[in-house]
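Scroll down for the structure; my scribbles are underneath it.
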Amino acid sequence: MDFKFTEENLAKIEAVRKKYPASKAAVMPVLYIAQEQNGYITKEVMDEVAKLLGINSVDVLGVATFYTMYHTNPIGKYHVQVCTNVSCMLRGGYEMLDHVVKKLGIDVNGLTSDGKFSIEEVECMGSCGTAPMIAVNDDYYENLTKEKLTEILDSLK
């Protein structure tokens, strides 16, 4: 399935490109525009971004798969990211992840049938001093317990 930017987004991308001396430096904001338009980043989206910026697709792939703010699968209205890096792991990150999986009834990288929730295990969200933590969309929840996590998820239903 081909992906093409809307005329409105092409104008946004042109404005973004003017901010950077090299096209490659514009990959992150252009990927963000693409994600806003498409909902998530597919191979076709990455290829279009690379073509538009005149760079290699592998450079776009590296950015899209490194940063947790880019989604390579469809996500729910509430995208729950659970950190399991060292600090979170030592303070119960995997227990939090298992709790979210059981509570929502889907696997990691899954999406509930109503499209409301998705789960992603992430490597590090830069909140090591307040581990364990999750993010729901752009909001961070830190120093979690299973009880606090249940309250958060229940408040979103």
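Convention: chains lettered A, B, ... in structure tokens order; per-chain residue numbering from 1; ligands numbered from 1 as shown.
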
Handout entry: Selection near A:Arg17, 10 Å with only C-alpha atoms, sequence-local residues under 3 positions removed, as number ranges by chain
Key = A: 11-14, 20-27, 29-30, 53

Practice task
Within 12 Å of stretch 128-142 of chain A, counting only C-alpha atoms, which residues show up once you throw out same-chain ones fewer than 3 positions away? Write them as an NGL selection string, please.
Solution key: :A and (68-71 or 75-97 or 99-100 or 116-125 or 145-146 or 148-153 or 155-156)

Residues at most 12 Å from A:Ala64, counting only C-alpha atoms, excluding those fewer than 5 positions away in the same chain, as a PDB file with N, CA and C atoms, in the first residue's frame?
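Ended up saving to out24.pdb:
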```pdb
ATOM      1  N   VAL A  27      14.761  14.147   9.609  1.00  0.00           N
ATOM      2  CA  VAL A  27      14.060  12.853   9.659  1.00  0.00           C
ATOM      3  C   VAL A  27      13.070  12.788  10.814  1.00  0.00           C
ATOM      4  N   MET A  28      13.480  13.175  11.996  1.00  0.00           N
ATOM      5  CA  MET A  28      12.586  13.030  13.161  1.00  0.00           C
ATOM      6  C   MET A  28      11.300  13.843  13.011  1.00  0.00           C
ATOM      7  N   PRO A  29      11.358  15.135  12.728  1.00  0.00           N
ATOM      8  CA  PRO A  29      10.091  15.855  12.592  1.00  0.00           C
ATOM      9  C   PRO A  29       9.253  15.386  11.406  1.00  0.00           C
ATOM     10  N   VAL A  30       9.895  14.952  10.329  1.00  0.00           N
ATOM     11  CA  VAL A  30       9.127  14.455   9.177  1.00  0.00           C
ATOM     12  C   VAL A  30       8.452  13.123   9.528  1.00  0.00           C
ATOM     13  N   LEU A  31       9.151  12.256  10.248  1.00  0.00           N
ATOM     14  CA  LEU A  31       8.522  11.012  10.698  1.00  0.00           C
ATOM     15  C   LEU A  31       7.328  11.311  11.613  1.00  0.00           C
ATOM     16  N   TYR A  32       7.470  12.314  12.442  1.00  0.00           N
ATOM     17  CA  TYR A  32       6.366  12.665  13.342  1.00  0.00           C
ATOM     18  C   TYR A  32       5.152  13.140  12.542  1.00  0.00           C
ATOM     19  N   ALA A  34       4.483  12.250   9.499  1.00  0.00           N
ATOM     20  CA  ALA A  34       3.969  11.041   8.842  1.00  0.00           C
ATOM     21  C   ALA A  34       3.121  10.218   9.800  1.00  0.00           C
ATOM     22  N   GLN A  35       3.594  10.090  11.030  1.00  0.00           N
ATOM     23  CA  GLN A  35       2.851   9.310  12.017  1.00  0.00           C
ATOM     24  C   GLN A  35       1.512   9.961  12.348  1.00  0.00           C
ATOM     25  N   TYR A  40       0.691   5.344  12.320  1.00  0.00           N
ATOM     26  CA  TYR A  40       1.913   4.628  12.670  1.00  0.00           C
ATOM     27  C   TYR A  40       2.826   4.593  11.445  1.00  0.00           C
ATOM     28  N   ILE A  41       4.060   4.132  11.684  1.00  0.00           N
ATOM     29  CA  ILE A  41       5.086   4.179  10.638  1.00  0.00           C
ATOM     30  C   ILE A  41       5.228   2.800   9.989  1.00  0.00           C
ATOM     31  N   THR A  42       4.865   2.702   8.736  1.00  0.00           N
ATOM     32  CA  THR A  42       5.028   1.461   7.972  1.00  0.00           C
ATOM     33  C   THR A  42       6.289   1.563   7.105  1.00  0.00           C
ATOM     34  N   LYS A  43       6.639   0.459   6.468  1.00  0.00           N
ATOM     35  CA  LYS A  43       7.773   0.475   5.542  1.00  0.00           C
ATOM     36  C   LYS A  43       7.498   1.465   4.410  1.00  0.00           C
ATOM     37  N   VAL A  45       5.730   4.164   4.569  1.00  0.00           N
ATOM     38  CA  VAL A  45       5.907   5.519   5.118  1.00  0.00           C
ATOM     39  C   VAL A  45       7.398   5.860   5.163  1.00  0.00           C
ATOM     40  N   MET A  46       8.197   4.909   5.666  1.00  0.00           N
ATOM     41  CA  MET A  46       9.647   5.145   5.748  1.00  0.00           C
ATOM     42  C   MET A  46      10.239   5.380   4.364  1.00  0.00           C
ATOM     43  N   ASP A  47       9.797   4.594   3.384  1.00  0.00           N
ATOM     44  CA  ASP A  47      10.297   4.764   2.015  1.00  0.00           C
ATOM     45  C   ASP A  47       9.928   6.140   1.465  1.00  0.00           C
ATOM     46  N   VAL A  49       9.322   8.876   3.237  1.00  0.00           N
ATOM     47  CA  VAL A  49      10.121   9.877   3.963  1.00  0.00           C
ATOM     48  C   VAL A  49      11.531   9.927   3.370  1.00  0.00           C
ATOM     49  N   ALA A  50      12.125   8.759   3.137  1.00  0.00           N
ATOM     50  CA  ALA A  50      13.476   8.706   2.562  1.00  0.00           C
ATOM     51  C   ALA A  50      13.507   9.354   1.182  1.00  0.00           C
ATOM     52  N   SER A  57      16.653   4.691   2.881  1.00  0.00           N
ATOM     53  CA  SER A  57      15.562   4.159   3.707  1.00  0.00           C
ATOM     54  C   SER A  57      16.077   3.578   5.021  1.00  0.00           C
ATOM     55  N   VAL A  58      17.288   3.024   4.986  1.00  0.00           N
ATOM     56  CA  VAL A  58      17.841   2.422   6.202  1.00  0.00           C
ATOM     57  C   VAL A  58      18.104   3.494   7.278  1.00  0.00           C
ATOM     58  N   ASP A  59      18.424   4.706   6.851  1.00  0.00           N
ATOM     59  CA  ASP A  59      18.603   5.804   7.812  1.00  0.00           C
ATOM     60  C   ASP A  59      17.275   6.152   8.478  1.00  0.00           C
ATOM     61  N   MET A  69       8.874   7.086  20.538  1.00  0.00           N
ATOM     62  CA  MET A  69       7.714   7.905  20.148  1.00  0.00           C
ATOM     63  C   MET A  69       7.206   7.578  18.753  1.00  0.00           C
ATOM     64  N   TYR A  70       7.950   6.766  18.026  1.00  0.00           N
ATOM     65  CA  TYR A  70       7.482   6.326  16.717  1.00  0.00           C
ATOM     66  C   TYR A  70       6.931   4.908  16.855  1.00  0.00           C
ATOM     67  N   HIS A  71       5.794   4.691  16.237  1.00  0.00           N
ATOM     68  CA  HIS A  71       5.120   3.402  16.363  1.00  0.00           C
ATOM     69  C   HIS A  71       5.111   2.697  15.015  1.00  0.00           C
ATOM     70  N   THR A  72       5.628   1.477  15.000  1.00  0.00           N
ATOM     71  CA  THR A  72       5.667   0.717  13.751  1.00  0.00           C
ATOM     72  C   THR A  72       4.507  -0.268  13.643  1.00  0.00           C
ATOM     73  N   ASN A  73       3.611  -0.228  14.614  1.00  0.00           N
ATOM     74  CA  ASN A  73       2.389  -1.033  14.586  1.00  0.00           C
ATOM     75  C   ASN A  73       1.231  -0.112  14.959  1.00  0.00           C
TER      76      ASN A  73
END
```

Those in chain A with strand (DSSP E) from DSSP, as a tab-separated table (two decimals) with N, CA, C and O atoms, in the first residue's frame:
```
chain	number	residue	atom	x	y	z
A	78	TYR	N	-5.14	4.64	23.96
A	78	TYR	CA	-4.20	4.73	25.08
A	78	TYR	C	-3.07	3.75	24.82
A	78	TYR	O	-3.26	2.54	24.87
A	79	HIS	N	-1.91	4.28	24.52
A	79	HIS	CA	-0.73	3.45	24.25
A	79	HIS	C	0.10	3.37	25.53
A	79	HIS	O	0.65	4.38	25.98
A	80	VAL	N	0.15	2.18	26.11
A	80	VAL	CA	0.84	1.97	27.38
A	80	VAL	C	2.24	1.44	27.10
A	80	VAL	O	2.40	0.37	26.54
A	81	GLN	N	3.24	2.24	27.47
A	81	GLN	CA	4.63	1.83	27.32
A	81	GLN	C	5.19	1.50	28.70
A	81	GLN	O	5.12	2.34	29.60
A	82	VAL	N	5.72	0.31	28.83
A	82	VAL	CA	6.26	-0.15	30.11
A	82	VAL	C	7.77	-0.28	29.97
A	82	VAL	O	8.27	-1.03	29.14
A	83	CYS	N	8.49	0.46	30.81
A	83	CYS	CA	9.95	0.41	30.78
A	83	CYS	C	10.44	-0.81	31.54
A	83	CYS	O	10.01	-1.09	32.65
A	117	PHE	N	-6.69	0.19	23.78
A	117	PHE	CA	-5.40	0.05	24.46
A	117	PHE	C	-4.41	-0.73	23.60
A	117	PHE	O	-4.78	-1.68	22.92
A	118	SER	N	-3.15	-0.35	23.71
A	118	SER	CA	-2.05	-1.13	23.14
A	118	SER	C	-0.93	-1.11	24.17
A	118	SER	O	-0.87	-0.23	25.03
A	119	ILE	N	-0.08	-2.12	24.08
A	119	ILE	CA	1.02	-2.26	25.05
A	119	ILE	C	2.34	-2.38	24.28
A	119	ILE	O	2.41	-3.08	23.29
A	120	GLU	N	3.35	-1.72	24.81
A	120	GLU	CA	4.69	-1.82	24.25
A	120	GLU	C	5.70	-1.89	25.38
A	120	GLU	O	5.61	-1.14	26.35
A	121	GLU	N	6.65	-2.80	25.29
A	121	GLU	CA	7.78	-2.86	26.23
A	121	GLU	C	8.86	-1.96	25.66
A	121	GLU	O	9.21	-2.09	24.48
A	122	VAL	N	9.36	-1.03	26.45
A	122	VAL	CA	10.38	-0.11	25.95
A	122	VAL	C	11.67	-0.25	26.76
A	122	VAL	O	11.65	-0.66	27.92
A	134	ILE	N	5.71	3.76	33.80
A	134	ILE	CA	5.08	3.54	32.50
A	134	ILE	C	4.75	4.91	31.91
A	134	ILE	O	4.75	5.92	32.62
A	135	ALA	N	4.45	4.91	30.64
A	135	ALA	CA	3.90	6.09	30.00
A	135	ALA	C	2.58	5.67	29.34
A	135	ALA	O	2.50	4.58	28.78
A	136	VAL	N	1.59	6.51	29.48
A	136	VAL	CA	0.34	6.32	28.73
A	136	VAL	C	0.24	7.55	27.84
A	136	VAL	O	0.09	8.67	28.34
A	139	ASP	N	1.93	10.95	29.00
A	139	ASP	CA	1.97	11.12	30.45
A	139	ASP	C	2.78	10.01	31.12
A	139	ASP	O	2.56	8.83	30.85
A	140	TYR	N	3.71	10.42	32.00
A	140	TYR	CA	4.53	9.47	32.74
A	140	TYR	C	3.89	9.18	34.10
A	140	TYR	O	3.38	10.09	34.75
A	141	TYR	N	3.96	7.91	34.51
A	141	TYR	CA	3.52	7.48	35.84
A	141	TYR	C	4.70	6.75	36.46
A	141	TYR	O	5.17	5.75	35.91
```
